[in-house]
>>> print(open('upload_26.pdb').read())   # PDB, C-alpha atoms, pLDDT in the B column
ATOM      1  CA  ASP A1288     141.047  57.343 196.594  1.00 65.00           C
ATOM      2  CA  THR A1289     142.406  60.882 196.171  1.00 68.00           C
ATOM      3  CA  GLU A1290     141.049  61.414 192.700  1.00 91.00           C
ATOM      4  CA  VAL A1291     138.678  63.943 191.223  1.00 96.00           C
ATOM      5  CA  THR A1292     137.205  62.726 187.959  1.00 97.00           C
ATOM      6  CA  GLN A1293     135.695  64.879 185.239  1.00 97.00           C
ATOM      7  CA  THR A1294     133.669  63.902 182.219  1.00 97.00           C
ATOM      8  CA  PRO A1295     133.815  64.373 179.355  1.00 97.00           C
ATOM      9  CA  LYS A1296     137.503  65.050 178.663  1.00 96.00           C
ATOM     10  CA  HIS A1297     136.638  67.016 175.544  1.00 97.00           C
ATOM     11  CA  LEU A1298     133.401  68.660 174.447  1.00 97.00           C
ATOM     12  CA  VAL A1299     132.524  70.505 171.276  1.00 96.00           C
ATOM     13  CA  MET A1300     129.183  72.293 171.210  1.00 94.00           C
ATOM     14  CA  GLY A1301     127.303  74.822 169.169  1.00 92.00           C
ATOM     15  CA  MET A1302     125.997  78.077 170.558  1.00 91.00           C
ATOM     16  CA  THR A1303     122.437  76.746 170.677  1.00 90.00           C
ATOM     17  CA  ASN A1304     123.270  73.463 172.381  1.00 91.00           C
ATOM     18  CA  LYS A1305     122.671  72.464 175.980  1.00 95.00           C
ATOM     19  CA  LYS A1306     125.343  70.294 177.567  1.00 96.00           C
ATOM     20  CA  SER A1307     126.589  69.398 181.036  1.00 97.00           C
ATOM     21  CA  LEU A1308     129.997  68.848 182.599  1.00 98.00           C
ATOM     22  CA  LYS A1309     130.277  66.349 185.409  1.00 98.00           C
ATOM     23  CA  CYS A1310     132.675  66.154 188.335  1.00 98.00           C
ATOM     24  CA  GLU A1311     132.896  63.420 190.963  1.00 97.00           C
ATOM     25  CA  GLN A1312     134.955  62.791 194.096  1.00 96.00           C
ATOM     26  CA  HIS A1313     134.830  60.077 196.741  1.00 92.00           C
ATOM     27  CA  MET A1314     137.108  61.596 199.349  1.00 92.00           C
ATOM     28  CA  GLY A1315     134.288  62.736 201.606  1.00 91.00           C
ATOM     29  CA  HIS A1316     135.038  66.346 200.760  1.00 92.00           C
ATOM     30  CA  ARG A1317     132.289  68.855 201.509  1.00 91.00           C
ATOM     31  CA  ALA A1318     133.501  71.722 199.317  1.00 91.00           C
ATOM     32  CA  MET A1319     133.577  71.608 195.537  1.00 93.00           C
ATOM     33  CA  TYR A1320     134.659  74.187 193.010  1.00 94.00           C
ATOM     34  CA  TRP A1321     134.432  75.110 189.343  1.00 96.00           C
ATOM     35  CA  TYR A1322     137.232  77.037 187.653  1.00 96.00           C
ATOM     36  CA  LYS A1323     137.616  78.304 184.111  1.00 97.00           C
ATOM     37  CA  GLN A1324     141.067  78.460 182.524  1.00 96.00           C
ATOM     38  CA  LYS A1325     141.798  80.159 179.225  1.00 96.00           C
ATOM     39  CA  ALA A1326     144.970  79.302 177.340  1.00 92.00           C
ATOM     40  CA  LYS A1327     148.154  80.573 179.010  1.00 90.00           C
ATOM     41  CA  LYS A1328     146.134  82.117 181.860  1.00 92.00           C
ATOM     42  CA  PRO A1329     145.687  81.034 185.484  1.00 93.00           C
ATOM     43  CA  PRO A1330     142.508  79.284 186.620  1.00 93.00           C
ATOM     44  CA  GLU A1331     139.676  81.662 187.514  1.00 93.00           C
ATOM     45  CA  LEU A1332     137.260  80.723 190.252  1.00 92.00           C
ATOM     46  CA  MET A1333     133.645  80.475 189.066  1.00 95.00           C
ATOM     47  CA  PHE A1334     131.605  78.763 191.793  1.00 94.00           C
ATOM     48  CA  VAL A1335     132.070  77.280 195.250  1.00 92.00           C
ATOM     49  CA  TYR A1336     129.724  74.762 196.840  1.00 93.00           C
ATOM     50  CA  SER A1337     130.016  74.183 200.556  1.00 90.00           C
ATOM     51  CA  TYR A1338     128.027  71.356 202.106  1.00 90.00           C
ATOM     52  CA  GLU A1339     125.995  71.097 198.885  1.00 93.00           C
ATOM     53  CA  LYS A1340     124.975  74.744 198.951  1.00 92.00           C
ATOM     54  CA  LEU A1341     126.212  77.410 196.583  1.00 93.00           C
ATOM     55  CA  SER A1342     128.369  79.703 198.690  1.00 90.00           C
ATOM     56  CA  ILE A1343     130.221  81.717 196.068  1.00 89.00           C
ATOM     57  CA  ASN A1344     129.287  82.804 192.544  1.00 91.00           C
ATOM     58  CA  GLU A1345     132.006  84.975 191.056  1.00 90.00           C
ATOM     59  CA  SER A1346     129.545  86.967 188.912  1.00 91.00           C
ATOM     60  CA  VAL A1347     129.401  84.191 186.351  1.00 95.00           C
ATOM     61  CA  PRO A1348     126.925  84.678 183.452  1.00 96.00           C
ATOM     62  CA  SER A1349     123.680  82.760 183.814  1.00 96.00           C
ATOM     63  CA  ARG A1350     124.451  80.640 180.759  1.00 96.00           C
ATOM     64  CA  PHE A1351     126.574  78.654 183.246  1.00 98.00           C
ATOM     65  CA  SER A1352     124.407  76.901 185.822  1.00 97.00           C
ATOM     66  CA  PRO A1353     126.017  74.830 188.573  1.00 97.00           C
ATOM     67  CA  GLU A1354     124.327  72.023 190.423  1.00 97.00           C
ATOM     68  CA  CYS A1355     125.404  69.897 193.367  1.00 96.00           C
ATOM     69  CA  PRO A1356     123.034  66.885 193.551  1.00 95.00           C
ATOM     70  CA  ASN A1357     124.925  65.329 196.456  1.00 93.00           C
ATOM     71  CA  SER A1358     128.203  65.688 198.307  1.00 90.00           C
ATOM     72  CA  SER A1359     130.125  63.629 195.741  1.00 95.00           C
ATOM     73  CA  LEU A1360     128.832  65.153 192.524  1.00 97.00           C
ATOM     74  CA  LEU A1361     129.078  68.547 190.909  1.00 97.00           C
ATOM     75  CA  ASN A1362     127.600  69.464 187.551  1.00 98.00           C
ATOM     76  CA  LEU A1363     127.969  72.499 185.347  1.00 98.00           C
ATOM     77  CA  HIS A1364     125.078  72.982 182.937  1.00 98.00           C
ATOM     78  CA  LEU A1365     125.869  74.930 179.808  1.00 97.00           C
ATOM     79  CA  HIS A1366     123.355  76.729 177.592  1.00 95.00           C
ATOM     80  CA  ALA A1367     123.667  79.304 174.836  1.00 94.00           C
ATOM     81  CA  LEU A1368     127.412  79.616 175.218  1.00 94.00           C
ATOM     82  CA  GLN A1369     129.596  81.953 173.194  1.00 95.00           C
ATOM     83  CA  PRO A1370     132.831  81.082 171.386  1.00 96.00           C
ATOM     84  CA  GLU A1371     134.755  83.074 174.012  1.00 96.00           C
ATOM     85  CA  ASP A1372     133.570  80.534 176.606  1.00 97.00           C
ATOM     86  CA  SER A1373     135.899  77.983 175.041  1.00 97.00           C
ATOM     87  CA  ALA A1374     138.346  77.021 177.782  1.00 97.00           C
ATOM     88  CA  LEU A1375     139.513  74.276 180.121  1.00 97.00           C
ATOM     89  CA  TYR A1376     136.964  73.811 182.903  1.00 98.00           C
ATOM     90  CA  LEU A1377     138.475  72.493 186.089  1.00 97.00           C
ATOM     91  CA  CYS A1378     136.696  70.970 189.043  1.00 97.00           C
ATOM     92  CA  ALA A1379     138.253  70.738 192.495  1.00 95.00           C
ATOM     93  CA  SER A1380     137.266  69.527 195.929  1.00 94.00           C
ATOM     94  CA  SER A1381     138.504  70.046 199.470  1.00 91.00           C
ATOM     95  CA  GLN A1382     137.570  69.011 202.989  1.00 87.00           C
ATOM     96  CA  GLY A1383     135.674  72.258 203.238  1.00 73.00           C
ATOM     97  CA  ASP A1384     136.253  72.877 206.889  1.00 67.00           C
ATOM     98  CA  GLY A1385     138.454  75.883 206.190  1.00 60.00           C
ATOM     99  CA  GLY A1386     141.193  74.410 208.324  1.00 60.00           C
ATOM    100  CA  SER A1387     144.885  74.941 207.900  1.00 57.00           C
ATOM    101  CA  LEU A1388     145.247  72.103 205.419  1.00 63.00           C
ATOM    102  CA  ASP A1389     142.218  72.604 203.239  1.00 74.00           C
ATOM    103  CA  GLU A1390     144.100  71.828 200.069  1.00 85.00           C
ATOM    104  CA  GLN A1391     142.150  71.539 196.895  1.00 90.00           C
ATOM    105  CA  PHE A1392     142.374  68.445 194.746  1.00 93.00           C
ATOM    106  CA  PHE A1393     141.870  69.180 191.067  1.00 95.00           C
ATOM    107  CA  GLY A1394     140.477  67.034 188.326  1.00 96.00           C
ATOM    108  CA  PRO A1395     142.081  66.850 184.874  1.00 96.00           C
ATOM    109  CA  GLY A1396     139.552  69.240 183.374  1.00 97.00           C
ATOM    110  CA  THR A1397     137.147  69.273 180.458  1.00 97.00           C
ATOM    111  CA  ARG A1398     138.386  70.988 177.309  1.00 97.00           C
ATOM    112  CA  LEU A1399     135.363  72.854 175.934  1.00 97.00           C
ATOM    113  CA  THR A1400     135.149  74.256 172.426  1.00 97.00           C
ATOM    114  CA  VAL A1401     132.153  76.395 171.456  1.00 96.00           C
ATOM    115  CA  LEU A1402     131.593  76.769 167.735  1.00 94.00           C
TER     116      LEU A1402
ATOM    117  CA  ASP B1486     142.583  88.055 199.540  1.00 60.00           C
ATOM    118  CA  ALA B1487     146.123  89.291 199.046  1.00 61.00           C
ATOM    119  CA  LYS B1488     147.454  89.417 195.523  1.00 84.00           C
ATOM    120  CA  THR B1489     150.653  87.644 194.600  1.00 93.00           C
ATOM    121  CA  THR B1490     153.414  88.651 192.214  1.00 93.00           C
ATOM    122  CA  GLN B1491     155.683  86.109 190.562  1.00 96.00           C
ATOM    123  CA  PRO B1492     158.258  86.241 187.764  1.00 96.00           C
ATOM    124  CA  THR B1493     156.763  85.224 184.452  1.00 96.00           C
ATOM    125  CA  SER B1494     159.346  82.576 183.656  1.00 97.00           C
ATOM    126  CA  MET B1495     162.513  80.942 184.953  1.00 97.00           C
ATOM    127  CA  ASP B1496     165.003  78.336 183.778  1.00 97.00           C
ATOM    128  CA  CYS B1497     166.828  75.844 185.950  1.00 97.00           C
ATOM    129  CA  ALA B1498     169.485  73.264 185.109  1.00 97.00           C
ATOM    130  CA  GLU B1499     168.532  69.669 185.784  1.00 97.00           C
ATOM    131  CA  GLY B1500     169.812  68.485 189.151  1.00 97.00           C
ATOM    132  CA  ARG B1501     170.165  71.993 190.535  1.00 97.00           C
ATOM    133  CA  ALA B1502     167.882  73.658 193.057  1.00 97.00           C
ATOM    134  CA  ALA B1503     165.046  75.709 191.632  1.00 98.00           C
ATOM    135  CA  ASN B1504     164.153  78.762 193.720  1.00 98.00           C
ATOM    136  CA  LEU B1505     160.828  80.328 192.826  1.00 98.00           C
ATOM    137  CA  PRO B1506     160.022  83.659 194.506  1.00 97.00           C
ATOM    138  CA  CYS B1507     156.621  85.095 195.316  1.00 96.00           C
ATOM    139  CA  ASN B1508     155.721  88.511 196.608  1.00 95.00           C
ATOM    140  CA  HIS B1509     152.594  88.879 198.740  1.00 93.00           C
ATOM    141  CA  SER B1510     153.214  92.188 200.430  1.00 92.00           C
ATOM    142  CA  THR B1511     149.548  92.755 201.389  1.00 89.00           C
ATOM    143  CA  ILE B1512     149.128  89.428 203.156  1.00 89.00           C
ATOM    144  CA  SER B1513     147.284  89.562 206.451  1.00 86.00           C
ATOM    145  CA  GLY B1514     147.960  87.632 209.622  1.00 84.00           C
ATOM    146  CA  ASN B1515     145.449  84.853 209.067  1.00 82.00           C
ATOM    147  CA  GLU B1516     146.254  84.130 205.428  1.00 87.00           C
ATOM    148  CA  TYR B1517     148.141  81.051 204.310  1.00 89.00           C
ATOM    149  CA  VAL B1518     150.571  80.778 201.411  1.00 92.00           C
ATOM    150  CA  TYR B1519     149.914  77.815 199.124  1.00 93.00           C
ATOM    151  CA  TRP B1520     151.932  76.595 196.172  1.00 96.00           C
ATOM    152  CA  TYR B1521     150.479  74.592 193.315  1.00 96.00           C
ATOM    153  CA  ARG B1522     151.907  73.578 189.984  1.00 97.00           C
ATOM    154  CA  GLN B1523     150.267  72.788 186.692  1.00 97.00           C
ATOM    155  CA  ILE B1524     151.908  70.570 184.156  1.00 94.00           C
ATOM    156  CA  HIS B1525     150.744  71.260 180.637  1.00 86.00           C
ATOM    157  CA  SER B1526     147.005  70.588 180.165  1.00 79.00           C
ATOM    158  CA  GLN B1527     146.619  68.846 183.529  1.00 90.00           C
ATOM    159  CA  GLY B1528     144.830  69.990 186.671  1.00 94.00           C
ATOM    160  CA  PRO B1529     146.860  71.938 189.238  1.00 95.00           C
ATOM    161  CA  GLN B1530     148.690  69.835 191.811  1.00 95.00           C
ATOM    162  CA  TYR B1531     149.221  70.786 195.447  1.00 93.00           C
ATOM    163  CA  ILE B1532     152.865  71.186 196.485  1.00 96.00           C
ATOM    164  CA  ILE B1533     153.090  72.763 199.907  1.00 95.00           C
ATOM    165  CA  HIS B1534     151.620  75.458 202.139  1.00 92.00           C
ATOM    166  CA  GLY B1535     152.603  77.479 205.205  1.00 92.00           C
ATOM    167  CA  LEU B1536     151.564  80.255 207.550  1.00 90.00           C
ATOM    168  CA  LYS B1537     154.641  81.609 209.329  1.00 89.00           C
ATOM    169  CA  ASN B1538     157.227  78.904 209.669  1.00 86.00           C
ATOM    170  CA  ASN B1539     159.324  77.323 206.974  1.00 93.00           C
ATOM    171  CA  GLU B1540     157.913  74.045 205.752  1.00 95.00           C
ATOM    172  CA  THR B1541     159.363  71.003 204.020  1.00 96.00           C
ATOM    173  CA  ASN B1542     157.795  67.930 202.507  1.00 95.00           C
ATOM    174  CA  GLU B1543     158.864  65.257 200.043  1.00 95.00           C
ATOM    175  CA  MET B1544     158.352  67.570 197.085  1.00 94.00           C
ATOM    176  CA  ALA B1545     159.696  70.940 198.161  1.00 97.00           C
ATOM    177  CA  SER B1546     160.593  73.455 200.839  1.00 98.00           C
ATOM    178  CA  LEU B1547     158.783  76.710 201.522  1.00 98.00           C
ATOM    179  CA  ILE B1548     160.671  79.627 203.004  1.00 97.00           C
ATOM    180  CA  ILE B1549     158.515  82.495 204.302  1.00 96.00           C
ATOM    181  CA  THR B1550     160.194  85.749 205.310  1.00 95.00           C
ATOM    182  CA  GLU B1551     159.765  86.935 208.860  1.00 94.00           C
ATOM    183  CA  ASP B1552     157.485  89.800 207.813  1.00 94.00           C
ATOM    184  CA  ARG B1553     155.545  87.306 205.635  1.00 94.00           C
ATOM    185  CA  LYS B1554     155.598  89.668 202.676  1.00 94.00           C
ATOM    186  CA  SER B1555     157.343  87.181 200.429  1.00 95.00           C
ATOM    187  CA  SER B1556     158.143  83.508 200.140  1.00 96.00           C
ATOM    188  CA  THR B1557     160.320  81.168 198.097  1.00 97.00           C
ATOM    189  CA  LEU B1558     159.497  77.687 196.892  1.00 98.00           C
ATOM    190  CA  ILE B1559     162.565  75.489 196.629  1.00 98.00           C
ATOM    191  CA  LEU B1560     162.706  72.340 194.537  1.00 98.00           C
ATOM    192  CA  PRO B1561     165.991  70.860 195.812  1.00 96.00           C
ATOM    193  CA  HIS B1562     166.998  68.790 192.776  1.00 95.00           C
ATOM    194  CA  ALA B1563     164.984  69.797 189.749  1.00 97.00           C
ATOM    195  CA  THR B1564     164.177  67.158 187.145  1.00 97.00           C
ATOM    196  CA  LEU B1565     162.718  67.502 183.667  1.00 97.00           C
ATOM    197  CA  ARG B1566     159.349  66.434 185.098  1.00 95.00           C
ATOM    198  CA  ASP B1567     159.323  69.572 187.241  1.00 97.00           C
ATOM    199  CA  THR B1568     158.808  71.699 184.126  1.00 97.00           C
ATOM    200  CA  ALA B1569     155.438  73.346 184.833  1.00 97.00           C
ATOM    201  CA  VAL B1570     153.703  76.572 185.768  1.00 97.00           C
ATOM    202  CA  TYR B1571     154.029  77.234 189.498  1.00 98.00           C
ATOM    203  CA  TYR B1572     151.338  79.239 191.247  1.00 97.00           C
ATOM    204  CA  CYS B1573     151.683  81.023 194.559  1.00 95.00           C
ATOM    205  CA  ILE B1574     148.284  81.540 196.203  1.00 93.00           C
ATOM    206  CA  VAL B1575     147.225  83.313 199.356  1.00 89.00           C
ATOM    207  CA  ARG B1576     144.194  81.903 201.129  1.00 84.00           C
ATOM    208  CA  ALA B1577     142.306  83.297 204.070  1.00 74.00           C
ATOM    209  CA  PHE B1578     142.191  80.931 207.061  1.00 66.00           C
ATOM    210  CA  THR B1579     138.432  81.031 207.260  1.00 67.00           C
ATOM    211  CA  GLY B1580     137.727  80.880 203.558  1.00 67.00           C
ATOM    212  CA  ASN B1581     138.153  77.979 201.192  1.00 70.00           C
ATOM    213  CA  GLN B1582     138.475  79.791 197.901  1.00 76.00           C
ATOM    214  CA  PHE B1583     141.726  80.193 195.997  1.00 81.00           C
ATOM    215  CA  TYR B1584     142.563  83.087 193.705  1.00 81.00           C
ATOM    216  CA  PHE B1585     145.441  82.170 191.435  1.00 86.00           C
ATOM    217  CA  GLY B1586     148.110  84.660 190.454  1.00 85.00           C
ATOM    218  CA  THR B1587     149.742  84.650 187.034  1.00 89.00           C
ATOM    219  CA  GLY B1588     152.303  82.012 188.026  1.00 95.00           C
ATOM    220  CA  THR B1589     155.902  81.289 187.006  1.00 97.00           C
ATOM    221  CA  SER B1590     156.629  79.048 184.053  1.00 97.00           C
ATOM    222  CA  LEU B1591     159.615  76.949 185.127  1.00 98.00           C
ATOM    223  CA  THR B1592     161.632  75.175 182.454  1.00 98.00           C
ATOM    224  CA  VAL B1593     164.145  72.583 183.619  1.00 97.00           C
ATOM    225  CA  ILE B1594     166.961  72.313 181.112  1.00 97.00           C
ATOM    226  CA  PRO B1595     168.922  69.059 180.575  1.00 95.00           C
TER     227      PRO B1595
END
>>> encode(input="upload_26.pdb", output="structure tokens")
Amino acid sequence: DTEVTQTPKHLVMGMTNKKSLKCEQHMGHRAMYWYKQKAKKPPELMFVYSYEKLSINESVPSRFSPECPNSSLLNLHLHALQPEDSALYLCASSQGDGGSLDEQFFGPGTRLTVL
Amino acid sequence: DAKTTQPTSMDCAEGRAANLPCNHSTISGNEYVYWYRQIHSQGPQYIIHGLKNNETNEMASLIITEDRKSSTLILPHATLRDTAVYYCIVRAFTGNQFYFGTGTSLTVIP
């Protein structure tokens, strides 16, 4: 199984809502990632979890809160978002050993719209 | 991490080879070159990676110049399904984070 799954596929939320994005992989990978991608732009790294610990936070606003409950799951909790946070949110995973072939496997993304 | 520079867009005739260049003139000795592509509204897909030597797999070939300051991704026989945005990424050997460049939008023309 070389698949990264993300739910939901689409999410519409108001600025006062609290919602969560979910990402799951069963490849035994120990590194997981969140990216944000605006239309016609490349993905931007947000967070990196390595062995279930947050290792990188790319100065992301606190209204985005990541969580890694176990090695297979990665959540992104959303609260008090702004319309400019509307984007495709991509999750990825990799072996996490930093070796020569530490390719990242990406999920299909969650299309988020903030009203 | 080294930055990458790619042409914004390219066209290629179906059945011909597509050659996508990438400049990474500030790359350091322990940084790998990765190529990913993203078909519209899907997650990026791994294509190939290399350090110094040229590499080939079932999808593509990667040619890295001797000074490692640039590379070329070659799709030998482009099909319409190869229409996508192609990203060249430089990754440090000891790190596991990717920083995407702006990418090249490749359109394969029938």
>>> resolve_selection(input="upload_26.pdb", expression="the PyMOL selection byres ((chain B and resi 1582) around 9)", output="VMD selection string")
(chain A and resid 1320 1332 1335 1343) or (chain B and resid 1576 to 1577 1580 to 1581 1583 to 1584)
>>> closest_residue(input="upload_26.pdb", among="B:Met1544, B:Pro1561, B:Pro1529, B:Glu1551", to="chain A", atoms="all atoms listed in the file")
B:Pro1529
>>> interface_residues(input="upload_26.pdb", of="chain B", to="chain A", cutoff="9 Å", atoms="all atoms listed in the file", output="ChimeraX atom specification")
/B:1517,1519,1526-1531,1534-1536,1572,1577-1588
>>> residues_around(input="upload_26.pdb", residues="Thr1493 (chain B)", least_positions_apart="6", cutoff="10 Å", atoms="all atoms listed in the file", output="VMD selection string")
chain B and resid 1570 to 1571 1587 to 1591
>>> residues_near_point(input="upload_26.pdb", point="(124.4, 74.8, 183.0)", cutoff="10 Å", atoms="all atoms listed in the file", output="list in words")
Lys1305, Lys1306, Ser1307, Leu1308, Ser1349, Arg1350, Phe1351, Ser1352, Pro1353, Glu1354, Asn1362, Leu1363, His1364, Leu1365, His1366, Ala1367 and Leu1368 of chain A
>>> closest_residue(input="upload_26.pdb", among="B:Leu1565, B:Ile1533, B:Gln1491, B:Pro1595", to="Ile1548 (chain B)", atoms="all atoms listed in the file")
B:Ile1533
>>> closest_residue(input="upload_26.pdb", among="A:Leu1402, A:Cys1355, A:Val1299, A:His1316", to="Lys1340 (chain A)", atoms="all atoms listed in the file")
A:Cys1355
>>> atom_distance(input="upload_26.pdb", atom1="CA of Lys1325 (chain A)", atom2="CA of Thr1400 (chain A)")
11.2 Å
